Amino acid sequence: MANQPRQPAANNTQKSQPLLKISNLKTWFNALNNNDADTVKAVDGIDLEINRGETFCLVGESGSGKSISALSIMGLLPKDVASHPDGEILFYPQVQQNPIDLLTVPEAQMRDIRGSQIAMIFQEPMNSLNPVFNIGEQIIEALLLHHPELSYEAARQKTIKALTDVQIPNPEQRIDNYPHQLSGGQRQRVMIAMAIACEPELLIADEPTTALDVTVQKEVLLLMQELQQRRNMGMLFITHDFGVVAEIGDKLAVMHKGKLVETGSVDAVLFNPQQPYTKKLIAALPHNLKQHKPPQPQLDTSDNNHLIQLKNLKVWFPINKGMLKQTVGHIKAVDDVDLEIPRGQILALVGESGCGKTTLGRSILRLIEPTSGQIIINDTDVTNLNRREFRPYRKTLQIIFQDPMSSLNPRLNIATTLTEPMAVHSIGDSQQQRLELAVELLEQVQLSPDYLWRYPHQFSGGQRQRIGIARALALNPDFIICDEITSALDVSVQAEILQLLLELRKQRGLTLLFITHNIGVVEYISDETAVMYQGKIVERGITDQICANPQHEYTQKLLSAVPRIAA
Amino acid sequence: MTDYILRRLLLMIPTLLGITIVVFAVMAAAPGGISAASLVDGQNLDPEAKREIEAYYNHIYGLDSPPAMQYLRWLNNVSPIGFEFDDNAEIKNFSFTKGSDLGKSFRYGRPVAELLSERVPITLLLNTISIPIIYIIAIAIGVYAATRRGSQFDVISGGVMLALWSIPTMLAGVLMIGFFSNVQYWHWFPTGGLSSSESGRLPFMPHWGSLRDVGVFLLSIANATCLSVWLSVQGSPKFRAIVIALIAIAAAIVMALALPESSQSFGWIILLPITLSLLTVPIALSDYAVLRIAYLGLFGLILGIAIAMHFTQGSFVKGFLFDRLWHLILPIICLSYGGFAALTKLTRTAVLENLMSDYARTARAKGLAEDDVIWRHVFRNSLLPLITVAASLLPSMLGGSVIVESIFSIEGMGKLAIEAVQTRDRELVLSITLLSGLLTLIGYLLSDILYAIADPRISYD
Amino acid sequence: MTDPMSENTQDSIDAATAPAPVTMDNTFAQRALHNTFKRWGARVGLLWIALLTIFAVFAPIIATSYPWLLSQKGVISSPLVQHLSVVDVTLLIAFVNACVLWFLPGSLRQKILIFITVISISFIASYILIKPPKLTIYEQYRLNEKAGNIDWVFSAPIPYSPQDYLRDYGDTGLEKPLQASNRSHWFGTEENGADVLSRMIHASRIALAIGFIATGIAMSIGVVIGGLMGFFSGKTDMIGMRIVEVFEAIPTLFLLLTFVAFFGRSLYLMMVIIGITGWTGYARYIRAEFLRLRQQDFVQAAIALGLPLRSILFRHMLPNGIAPVLVAASFGVASAILAEATLSFLGLGLVGEPSWGQMLNQAVRSSSFNWWMAAFPGGAIFLTVFAYNLIGEALRDAIDPYLNKS
């Protein structure tokens, strides 16, 4: 897909017709106390133009104002907080000669436009559908709202057709399902069905695939592209993922701090960025980082050099049902896994959500007790050690977490966070010495020593993640599990953290188990890769070999689904 | 689902056992405890008679046996299956059909089951009338406040509800009964009980002596109500406020003059108009039309009744229905205001949370009008926490009944409970505990089932 | 096991070694308190509670039949000082101590330590030293004055003790406020002839003490049981939840009634009883918080770092889970005060000592309605409950991260 030349849109003559023209749009959030200094200029004067039948991608890091721009178009921002001091959003509907300024149009007319002429899809498929109505009711509601002439039965038929269009299997039965009975990908399909049911001219998609697994993302993207071309819709596609942009976009605008930094065709911006910010952003993609990867140490991968060995490891959770809550089955989160990690290696553990990779990681640290099997650390079986006996091993095994917001205790300052474990494990003779060690740690993760006395809420996500790394390093461990540590971060921050990890590995000879779903990151950082699927490890090998020549069916599917920027 | 209900019903048994054990342990562990001596204590009897009575109590209630034995015996009597005893208190056989026996009250000397069957319906009547009132008011105000978060209405209603919630029931009850039932002030309502002494002889429906009176009655009520409803939807807030204030002041002066001679004082002429204006003017100023119509309509209705009462001369027979209603008004107000105050806060929070949810945004993006978003999408989801609370509302209302019933001398279960603990009536205390526990647990179960019906995500398989 | 990390070294990190706070919103607790008392509701509530505290502490000075100063045949004496009880003196010292400490520099921990030491010393000292006369005849001062035996007298603003039944005035039971011109009963008299205002001021002690101590007891029980349930889950949790359910299925008031009716009417017993019947809510909150926190990454990190259980529970989990409990506690104080008032109102309260609820009970005695007995004590109950609820609500809004979002 990635390397195919993009198909020209079905109708070239229509393509130049403008559909939406935003000029100098400003969206400000007013502070409650009417103090100008507290006004947040979320969108600060953007201009863009979307043509009929064109996919326009709006890319930016979190907080750049891209979602706010979309909500401004839809008029969905709360009126008492948000204001538009300047700008206009001109919408050119097919049936009407004159464009409509969406910022000044009366609310009643805006309601008619919303959903029927401009539709929107949101990021979180889990929460975007009303949990107490079945999906049919929710789509029919939209249809009947904009087409009051339809009978209920006709609307239902149209809904089934829309569900068929988005490739929901058995739409006749599925229409009566509740959202919680569908998978994440199916819910996003339902959202798309709801959006296109009234045949809008413009579809706004706000990170529609971010919460989905790669393979599902691929399917949804293909579906959206197909629908968009078939119906000749205009599409405003908001994302933070350049890979997705390369797959789906015609035009691209990069947004930063409420302003558009660079606009142009996708190919032009991706391969020949003009602005420094865009250049930096594109250089930070793992794919591009790889070209500047520092040389990595040679490893001894012989059998007697294994730091961690897992033998037949199983973590099963019982399912209890019935009157007496008897166990009727098990969720096999980790099912019979054998894994060896040689000293000094970075092993990537790849898999989609729910495949058991996090459970596997945590069971190595015995944060989750394994059901059966063996965990061998340095040739010692630690599976059945009790709390006290296991404590010395805690020093060697550490973990860094995904969510930088919740991984630090909000009530403790950084000094306490770092020195408490040292004291417990008798590292450093006095508090003073431990504080010195803590300063050293902060320097190693490239943070200023003054941060020692601050509290977690005073840091950004990237800084917190660095503190998380410092905490893991505090005990001088040999082995660190990195559990999706970059997935909550922006690309540029992700690049810094990855580089830091490689640096630390070299300095300290760390062994890392790098758990992630992001293939780009895997390719950049890891020596070897293990692919996990439904609780089992299906493939294991040198990263470059697996990426170039995947053996297992699932690995092939996974790799082909990764959106890539064609070189 | 059936499995689930069965499971829950079975789980009730240990809980009920626990409840009765706790209460029994409290009674048994107390100094004096449950003994014949403590029952007789305080009665002015000569020692001989005292001993006789003690022996009698010991014989029929088994008060001289150890507490654990007493509890087990009570349990055996209450449970529908258990041992049967012969006259010599020897175990005869194990029976599955013996039926349960709640025993005999010490104080009343009557079977507990009989006492309860008289008292419980009264308490349930009070509660079943109050609960819908609580919910309607809470939802009407809570939803409106949530949709206008931070507005004047939100702030004021929040403050008023918190204040209402903080008024102790006994204060409200005492003030109401003092001012509105007492002959010293306005003797509008009965001082207590659930019906007048002559109510047994009354026909069910109210009727008037002459047709003219009926006409006058209906006419004045209809006029006053329509007028105030019309006023509540008309004109500018300022106009409404001024007119309502004038009516309120006039009514207040009439009220002040209606006081009996002994209580008339200059203070009333000042205090009453201020109070009545404070009760009406803020509502008239509010931008919430439904609330205005309902509240001012009610105000008009009361005014209409008052005027009608003044002009009809013929004999008016209240009828059983009217009589009962008359007795119920004050207790119901006392029982419900705290509940709706608490529930309003909860409704507001629940609606607020759902208003900001992703699916509400989806609904708006579909082009739904805000009202439809609120009432179709948001409200249905906000109902879920309200259903959960319904369960815990019941025990607190049973508690509230204790106070209300004792203030308004209503012979319900709450009053019985006070009498039971005061007279250390073992059988009665345990049975009331068991019953209120059972009612509460059934309330919990019902609310869980309702929850499953309202929320398709919950299934008890 | 080596565990050199003592509590003290930790706190020295927090307090002593740290440079002066960079910004005012330094710790979570400070931010929460700041947010709470930014709201006028909380300020009004706090003001009323402060006023009540002052009344409670100075009650024996403000409202007493004993003259402050008295000159009898040239001898100047202070009957007031002679009649102060051990509790009165201890409370006064505690109050002055707290005021002084408030303005002195030093860490909170030190202040609390000093406070507790001073209180204990002063209590023991006054217990040994102070022996107020057992028999008191309130009327003697008024009678003496009437008889002209006194040169001059300097009396309290409310010159009636709560138990001064004004026998020298004849029948004064249930007198309306300011009815008789020769004695100024601002809030009238109760059925035995005692001054209502004086009784109310003295009753504020009971209200405050019951509120704090009963809630403290309930909270301690709830936090321990709930914490155990939440951290160990599994069987402990199941058994704990059954116990919670048992206590929740009995209407609290009914359980209270049973307790009080069977156990008698002492102030301390009442506090314990209200505490024992009210812990379930706290247990639920703490349990839910602990179940949630156990899954949080920072707790998982603490486990992975091999920190001892004590530290995980009390340093990492409890401070992060206590906020909803504190909110509940401030509502709990209100309901404990209400519970005492209700029991007293139902005639099951304290016998000798004045209490707001018991005064309210006299409002509808014997078919006549004594409005001052309802309005003033009832109003005091209402205001106090309202004040705590206002503070509780402000606290909840300040702590609730969801409401802070926008």
# chains A, B, ... in the order shown; residues from 1 in each chain; ligands from 1
call {"tool": "closest_atom_pairs", "arguments": {"of": "chain B", "to": "chain A", "cutoff": "8 Å", "atoms": "only C-alpha atoms", "output": "JSON lines"}}
result
{"residue": "B:Asp3", "atom": "CA", "partner": "A:Met323", "partner_atom": "CA", "distance": 5.7}
{"residue": "B:Tyr4", "atom": "CA", "partner": "A:Met323", "partner_atom": "CA", "distance": 6.4}
{"residue": "B:Leu6", "atom": "CA", "partner": "A:Met323", "partner_atom": "CA", "distance": 7.6}
{"residue": "B:Arg7", "atom": "CA", "partner": "A:Met323", "partner_atom": "CA", "distance": 5.5}
{"residue": "B:Ser357", "atom": "CA", "partner": "A:Asn127", "partner_atom": "CA", "distance": 7.5}
{"residue": "B:Asp358", "atom": "CA", "partner": "A:Ser128", "partner_atom": "CA", "distance": 4.7}
{"residue": "B:Tyr359", "atom": "CA", "partner": "A:Ser128", "partner_atom": "CA", "distance": 4.1}
{"residue": "B:Ala360", "atom": "CA", "partner": "A:Asn130", "partner_atom": "CA", "distance": 7.6}
{"residue": "B:Arg361", "atom": "CA", "partner": "A:Leu76", "partner_atom": "CA", "distance": 7.5}
{"residue": "B:Thr362", "atom": "CA", "partner": "A:Ser128", "partner_atom": "CA", "distance": 6.0}
{"residue": "B:Arg364", "atom": "CA", "partner": "A:Leu76", "partner_atom": "CA", "distance": 7.3}
{"residue": "B:Ala365", "atom": "CA", "partner": "A:Arg114", "partner_atom": "CA", "distance": 5.8}
{"residue": "B:Lys366", "atom": "CA", "partner": "A:Gly115", "partner_atom": "CA", "distance": 4.1}
{"residue": "B:Gly367", "atom": "CA", "partner": "A:Arg111", "partner_atom": "CA", "distance": 4.5}
{"residue": "B:Leu368", "atom": "CA", "partner": "A:Arg111", "partner_atom": "CA", "distance": 6.7}
{"residue": "B:Ala369", "atom": "CA", "partner": "A:Arg111", "partner_atom": "CA", "distance": 7.0}
{"residue": "B:His377", "atom": "CA", "partner": "A:Asn130", "partner_atom": "CA", "distance": 7.0}
{"residue": "B:Arg380", "atom": "CA", "partner": "A:Val132", "partner_atom": "CA", "distance": 7.5}
{"residue": "B:Asn381", "atom": "CA", "partner": "A:Val132", "partner_atom": "CA", "distance": 6.9}
{"residue": "B:Ala454", "atom": "CA", "partner": "A:Val132", "partner_atom": "CA", "distance": 7.3}
{"residue": "B:Asp455", "atom": "CA", "partner": "A:Val132", "partner_atom": "CA", "distance": 5.7}
{"residue": "B:Pro456", "atom": "CA", "partner": "A:Val132", "partner_atom": "CA", "distance": 5.9}
{"residue": "B:Arg457", "atom": "CA", "partner": "A:His180", "partner_atom": "CA", "distance": 6.4}
{"residue": "B:Asp461", "atom": "CA", "partner": "A:Gly322", "partner_atom": "CA", "distance": 6.4}
call {"tool": "interface_residues", "arguments": {"of": "chain C", "to": "chain B", "cutoff": "6 Å", "atoms": "only C-alpha atoms", "output": "list of chain:residue names"}}
result
C:Val246, C:Ala249, C:Ile250, C:Pro251, C:Leu253, C:Thr258, C:Ala261, C:Phe262, C:Phe263, C:Phe369, C:Gly378, C:Phe382, C:Val385, C:Phe386
call {"tool": "interface_residues", "arguments": {"of": "chain A", "to": "chain C", "cutoff": "6 Å", "atoms": "only C-alpha atoms", "output": "mmCIF file with N, CA and C atoms, in the first residue's frame"}}
result
data_model
loop_
_atom_site.group_PDB
_atom_site.id
_atom_site.type_symbol
_atom_site.label_atom_id
_atom_site.label_comp_id
_atom_site.auth_asym_id
_atom_site.auth_seq_id
_atom_site.Cartn_x
_atom_site.Cartn_y
_atom_site.Cartn_z
ATOM 1 N N ARG A 391 13.240 -10.083 47.750
ATOM 2 C CA ARG A 391 13.629 -8.679 47.792
ATOM 3 C C ARG A 391 15.000 -8.390 47.181
ATOM 4 N N ARG A 394 14.761 -7.774 43.576
ATOM 5 C CA ARG A 394 14.105 -6.535 43.146
ATOM 6 C C ARG A 394 15.141 -5.504 42.717
ATOM 7 N N SER A 406 0.756 8.766 35.880
ATOM 8 C CA SER A 406 0.407 7.974 37.059
ATOM 9 C C SER A 406 1.587 7.180 37.603
ATOM 10 N N SER A 407 2.753 7.301 36.990
ATOM 11 C CA SER A 407 3.822 6.433 37.445
ATOM 12 C C SER A 407 4.638 7.051 38.574
ATOM 13 N N LEU A 408 4.372 8.319 38.906
ATOM 14 C CA LEU A 408 5.080 8.928 40.036
ATOM 15 C C LEU A 408 4.073 9.255 41.131
ATOM 16 N N ASN A 409 4.472 9.017 42.360
ATOM 17 C CA ASN A 409 3.598 9.331 43.483
ATOM 18 C C ASN A 409 3.457 10.843 43.606
ATOM 19 N N ALA A 423 17.597 3.756 50.227
ATOM 20 C CA ALA A 423 17.723 3.517 51.659
ATOM 21 C C ALA A 423 17.272 2.102 52.000
ATOM 22 N N VAL A 424 16.169 1.668 51.385
ATOM 23 C CA VAL A 424 15.659 0.343 51.691
ATOM 24 C C VAL A 424 16.681 -0.728 51.324
#
call {"tool": "residues_around", "arguments": {"residues": "stretch 236-245 of chain A", "least_positions_apart": "5", "cutoff": "9 Å", "atoms": "only C-alpha atoms", "output": "PyMOL selection string"}}
result
chain A and resi 2+50+54-62+66-67+70+202-210+218+221+250-252+266+270+282+285+490-491+562-566
call {"tool": "write_last_selection", "arguments": {"atoms": "N, CA and C atoms", "output": "short mmCIF file (atom, residue, chain, number, x, y, z; two decimals), in the first residue's frame"}}
result
data_model
loop_
_atom_site.label_atom_id
_atom_site.label_comp_id
_atom_site.auth_asym_id
_atom_site.auth_seq_id
_atom_site.Cartn_x
_atom_site.Cartn_y
_atom_site.Cartn_z
N ALA A 2 1.86 1.16 0.88
CA ALA A 2 2.65 2.37 1.11
C ALA A 2 3.38 2.79 -0.15
N ILE A 50 -9.89 23.21 1.83
CA ILE A 50 -10.11 21.80 1.50
C ILE A 50 -11.01 21.74 0.28
N GLU A 54 -11.04 15.55 -1.60
CA GLU A 54 -9.63 15.61 -1.24
C GLU A 54 -9.46 15.27 0.23
N THR A 55 -8.37 14.59 0.57
CA THR A 55 -8.09 14.31 1.97
C THR A 55 -7.02 15.25 2.45
N PHE A 56 -7.40 16.06 3.40
CA PHE A 56 -6.49 17.06 3.92
C PHE A 56 -6.06 16.62 5.31
N CYS A 57 -4.75 16.43 5.52
CA CYS A 57 -4.28 15.96 6.82
C CYS A 57 -3.77 17.12 7.64
N LEU A 58 -4.19 17.17 8.88
CA LEU A 58 -3.71 18.18 9.80
C LEU A 58 -2.88 17.44 10.85
N VAL A 59 -1.58 17.75 10.87
CA VAL A 59 -0.68 16.99 11.73
C VAL A 59 -0.08 17.90 12.78
N GLY A 60 0.09 17.37 13.97
CA GLY A 60 0.75 18.16 15.00
C GLY A 60 0.89 17.34 16.25
N GLU A 61 1.72 17.83 17.17
CA GLU A 61 1.88 17.11 18.42
C GLU A 61 0.74 17.48 19.36
N SER A 62 0.69 16.81 20.51
CA SER A 62 -0.45 17.07 21.40
C SER A 62 -0.41 18.51 21.89
N LYS A 66 -4.94 21.16 16.97
CA LYS A 66 -5.58 20.58 15.79
C LYS A 66 -7.01 20.12 16.06
N SER A 67 -7.24 19.52 17.25
CA SER A 67 -8.61 19.10 17.56
C SER A 67 -9.52 20.30 17.77
N ALA A 70 -10.81 21.53 14.57
CA ALA A 70 -11.91 20.72 14.05
C ALA A 70 -13.20 21.05 14.78
N LEU A 202 -18.49 16.87 3.78
CA LEU A 202 -17.18 16.97 4.42
C LEU A 202 -17.18 16.05 5.64
N LEU A 203 -16.12 15.26 5.74
CA LEU A 203 -15.98 14.38 6.90
C LEU A 203 -14.75 14.82 7.67
N ILE A 204 -14.96 15.10 8.95
CA ILE A 204 -13.81 15.47 9.79
C ILE A 204 -13.49 14.26 10.67
N ALA A 205 -12.26 13.79 10.58
CA ALA A 205 -11.88 12.63 11.37
C ALA A 205 -10.77 13.05 12.32
N ASP A 206 -11.08 12.98 13.62
CA ASP A 206 -10.12 13.44 14.63
C ASP A 206 -9.40 12.25 15.22
N GLU A 207 -8.21 11.96 14.74
CA GLU A 207 -7.41 10.83 15.19
C GLU A 207 -8.24 9.54 15.25
N PRO A 208 -8.91 9.17 14.17
CA PRO A 208 -9.86 8.06 14.27
C PRO A 208 -9.19 6.71 14.49
N THR A 209 -7.91 6.60 14.21
CA THR A 209 -7.29 5.27 14.32
C THR A 209 -6.26 5.19 15.43
N THR A 210 -6.10 6.28 16.19
CA THR A 210 -5.05 6.30 17.20
C THR A 210 -5.25 5.23 18.27
N LYS A 218 -5.16 -0.32 9.84
CA LYS A 218 -4.99 -0.49 8.40
C LYS A 218 -6.34 -0.67 7.71
N LEU A 221 -8.41 2.53 7.81
CA LEU A 221 -7.90 3.54 6.89
C LEU A 221 -8.31 3.22 5.46
N ASP A 250 -3.81 13.64 0.81
CA ASP A 250 -3.45 14.33 -0.42
C ASP A 250 -2.63 15.56 -0.07
N LYS A 251 -3.19 16.35 0.86
CA LYS A 251 -2.50 17.56 1.28
C LYS A 251 -2.19 17.45 2.75
N LEU A 252 -1.25 18.25 3.20
CA LEU A 252 -0.79 18.13 4.57
C LEU A 252 -0.53 19.52 5.13
N VAL A 266 1.34 16.17 0.36
CA VAL A 266 1.93 15.24 1.32
C VAL A 266 3.37 14.93 0.94
N LEU A 270 6.59 15.84 3.30
CA LEU A 270 7.26 14.71 3.96
C LEU A 270 8.70 14.55 3.50
N ILE A 282 10.09 15.54 11.43
CA ILE A 282 10.23 14.39 10.54
C ILE A 282 11.51 13.63 10.85
N LEU A 285 11.20 10.90 13.57
CA LEU A 285 10.50 9.64 13.36
C LEU A 285 11.49 8.50 13.52
N ASP A 490 4.93 12.50 22.59
CA ASP A 490 4.99 13.01 21.23
C ASP A 490 6.26 12.49 20.55
N VAL A 491 6.23 12.55 19.22
CA VAL A 491 7.33 11.95 18.46
C VAL A 491 8.70 12.51 18.86
N VAL A 562 1.74 -1.89 9.11
CA VAL A 562 2.34 -0.68 9.67
C VAL A 562 2.38 0.41 8.62
N PRO A 563 1.79 1.55 8.95
CA PRO A 563 1.84 2.64 7.96
C PRO A 563 3.26 3.18 7.87
N ARG A 564 3.74 3.33 6.67
CA ARG A 564 5.13 3.76 6.51
C ARG A 564 5.22 4.93 5.55
N ILE A 565 6.26 5.64 5.75
CA ILE A 565 6.55 6.72 4.81
C ILE A 565 7.44 6.13 3.74
N ALA A 566 6.94 6.09 2.52
CA ALA A 566 7.74 5.49 1.45
C ALA A 566 8.95 6.37 1.18
#
call {"tool": "select_by_dssp", "arguments": {"residues": "stretch 158-244 of chain A", "states": "alpha helix (DSSP H)", "output": "ChimeraX atom specification"}}
result
/A:158-165,171-174,184-196,214-231,242-244
call {"tool": "residues_around", "arguments": {"residues": "C:Gly349", "least_positions_apart": "4", "cutoff": "8 Å", "atoms": "only C-alpha atoms", "output": "list in words"}}
result
Val260, Arg265, Glu340, Ala341, Leu343, Ser344, Phe345 and Gln358 of chain C
call {"tool": "write_last_selection", "arguments": {"atoms": "C-alpha atoms", "output": "mmCIF file, in the first residue's frame"}}
result
data_model
loop_
_atom_site.group_PDB
_atom_site.id
_atom_site.type_symbol
_atom_site.label_atom_id
_atom_site.label_comp_id
_atom_site.auth_asym_id
_atom_site.auth_seq_id
_atom_site.Cartn_x
_atom_site.Cartn_y
_atom_site.Cartn_z
ATOM 1 C CA VAL C 260 -28.214 4.296 73.672
ATOM 2 C CA ARG C 265 -26.385 8.039 78.557
ATOM 3 C CA GLU C 340 -26.480 13.487 69.012
ATOM 4 C CA ALA C 341 -29.132 16.145 68.577
ATOM 5 C CA LEU C 343 -31.000 11.230 70.234
ATOM 6 C CA SER C 344 -31.339 14.063 72.707
ATOM 7 C CA PHE C 345 -34.458 15.205 70.942
ATOM 8 C CA GLN C 358 -32.763 18.257 74.259
#
call {"tool": "closest_residue", "arguments": {"among": "A:Leu367, A:Ile135, A:Val382, A:Leu289", "to": "A:Leu498", "atoms": "only C-alpha atoms"}}
result
A:Leu289
call {"tool": "residues_around", "arguments": {"residues": "C:Asn370", "least_positions_apart": "4", "cutoff": "9 Å", "atoms": "only C-alpha atoms", "output": "PDB file with C-alpha atoms, in the first residue's frame"}}
result
ATOM      1  CA  GLY B 178     -45.618  24.653  66.145  1.00  0.00           C
TER       2      GLY B 178
ATOM      3  CA  LEU C 174     -40.527  28.539  79.861  1.00  0.00           C
ATOM      4  CA  GLU C 175     -40.394  32.275  79.875  1.00  0.00           C
ATOM      5  CA  LYS C 176     -40.339  34.060  76.535  1.00  0.00           C
ATOM      6  CA  GLN C 362     -38.994  21.222  74.932  1.00  0.00           C
ATOM      7  CA  ALA C 363     -40.391  23.342  72.120  1.00  0.00           C
ATOM      8  CA  VAL C 364     -43.621  21.390  71.828  1.00  0.00           C
ATOM      9  CA  ARG C 365     -44.155  20.372  75.417  1.00  0.00           C
ATOM     10  CA  ALA C 374     -37.170  25.649  68.662  1.00  0.00           C
TER      11      ALA C 374
END
call {"tool": "residues_around", "arguments": {"residues": "stretch 62-65 of chain B", "least_positions_apart": "4", "cutoff": "10 Å", "atoms": "only C-alpha atoms", "output": "PyMOL selection string"}}
result
chain B and resi 34-37+54-58+69-71+73-74+426
call {"tool": "write_last_selection", "arguments": {"atoms": "C-alpha atoms", "output": "mmCIF file, in the first residue's frame"}}
result
data_model
loop_
_atom_site.group_PDB
_atom_site.id
_atom_site.type_symbol
_atom_site.label_atom_id
_atom_site.label_comp_id
_atom_site.auth_asym_id
_atom_site.auth_seq_id
_atom_site.Cartn_x
_atom_site.Cartn_y
_atom_site.Cartn_z
ATOM 1 C CA ILE B 34 -32.223 -8.476 78.691
ATOM 2 C CA SER B 35 -33.420 -9.814 81.958
ATOM 3 C CA ALA B 36 -36.676 -10.006 83.746
ATOM 4 C CA ALA B 37 -35.282 -7.643 86.374
ATOM 5 C CA GLU B 54 -39.931 -11.912 87.096
ATOM 6 C CA ALA B 55 -40.530 -15.599 87.380
ATOM 7 C CA TYR B 56 -43.454 -15.273 85.024
ATOM 8 C CA TYR B 57 -41.394 -13.418 82.426
ATOM 9 C CA ASN B 58 -38.583 -15.920 82.783
ATOM 10 C CA MET B 69 -29.362 -19.762 73.997
ATOM 11 C CA GLN B 70 -31.930 -16.998 73.922
ATOM 12 C CA TYR B 71 -30.769 -15.927 70.479
ATOM 13 C CA ARG B 73 -34.274 -20.039 70.489
ATOM 14 C CA TRP B 74 -35.490 -16.815 68.916
ATOM 15 C CA ARG B 426 -36.533 -8.036 73.040
#
call {"tool": "residues_around", "arguments": {"residues": "B:Gly82", "least_positions_apart": "6", "cutoff": "12 Å", "atoms": "only C-alpha atoms", "output": "list in words"}}
result
Leu72, Arg73, Trp74, Leu75, Asn76, Ile91, Lys92, Asn93, Phe94, Ser95, Phe96, Thr97, Lys98, Gly99, Ser100 and Asp101 of chain B
call {"tool": "write_last_selection", "arguments": {"atoms": "N, CA and C atoms", "output": "compact mmCIF listing (two decimals), in the first residue's frame"}}
result
# COMPACT_ATOMS: atom_id res chain seq x y z
N LEU B 72 -30.54 -18.28 69.93
CA LEU B 72 -30.81 -19.45 69.11
C LEU B 72 -32.29 -19.82 69.17
N ARG B 73 -32.85 -19.69 70.36
CA ARG B 73 -34.27 -20.04 70.49
C ARG B 73 -35.12 -19.08 69.64
N TRP B 74 -34.75 -17.80 69.71
CA TRP B 74 -35.49 -16.81 68.92
C TRP B 74 -35.36 -17.14 67.43
N LEU B 75 -34.12 -17.46 67.02
CA LEU B 75 -33.85 -17.77 65.63
C LEU B 75 -34.70 -18.96 65.19
N ASN B 76 -34.76 -19.97 66.05
CA ASN B 76 -35.53 -21.16 65.72
C ASN B 76 -36.99 -20.81 65.56
N ILE B 91 -36.95 -30.96 72.64
CA ILE B 91 -37.05 -30.99 71.19
C ILE B 91 -37.91 -32.18 70.75
N LYS B 92 -38.92 -31.87 69.98
CA LYS B 92 -39.81 -32.93 69.54
C LYS B 92 -39.32 -33.51 68.21
N ASN B 93 -39.27 -32.64 67.23
CA ASN B 93 -38.82 -33.12 65.92
C ASN B 93 -38.37 -31.92 65.08
N PHE B 94 -37.72 -32.20 63.96
CA PHE B 94 -37.32 -31.15 63.04
C PHE B 94 -38.39 -31.01 61.97
N SER B 95 -38.84 -29.80 61.80
CA SER B 95 -39.97 -29.64 60.89
C SER B 95 -39.64 -28.64 59.79
N PHE B 96 -40.15 -28.89 58.60
CA PHE B 96 -39.96 -27.95 57.49
C PHE B 96 -41.18 -27.09 57.29
N THR B 97 -42.21 -27.37 58.06
CA THR B 97 -43.47 -26.68 57.78
C THR B 97 -43.98 -25.93 58.99
N LYS B 98 -43.14 -25.74 60.00
CA LYS B 98 -43.66 -25.18 61.24
C LYS B 98 -44.05 -23.71 61.11
N GLY B 99 -43.53 -23.04 60.06
CA GLY B 99 -43.86 -21.63 59.89
C GLY B 99 -43.07 -20.78 60.86
N SER B 100 -42.99 -19.47 60.58
CA SER B 100 -42.19 -18.64 61.49
C SER B 100 -43.10 -17.89 62.46
N ASP B 101 -42.53 -17.68 63.63
CA ASP B 101 -43.30 -17.04 64.68
C ASP B 101 -42.43 -15.94 65.25
call {"tool": "select_by_dssp", "arguments": {"residues": "stretch 270-442 of chain A", "states": "strand (DSSP E or B)", "output": "ChimeraX atom specification"}}
result
/A:306-321,326-342,346-350,372-377,380-381,397-400
call {"tool": "closest_residue", "arguments": {"among": "A:Ala268, A:Ile308, A:Ile515, A:Ile319", "to": "A:Gly344", "atoms": "only C-alpha atoms"}}
result
A:Ile308
call {"tool": "atom_distance", "arguments": {"atom1": "atom CA of C:Ala283", "atom2": "atom CA of C:Ile213"}}
result
17.3 Å
call {"tool": "atom_distance", "arguments": {"atom1": "atom CA of A:Pro370", "atom2": "atom CA of A:Gln534"}}
result
16.5 Å
call {"tool": "atom_distance", "arguments": {"atom1": "atom CA of B:Leu231", "atom2": "atom CA of B:Ile249"}}
result
16.4 Å
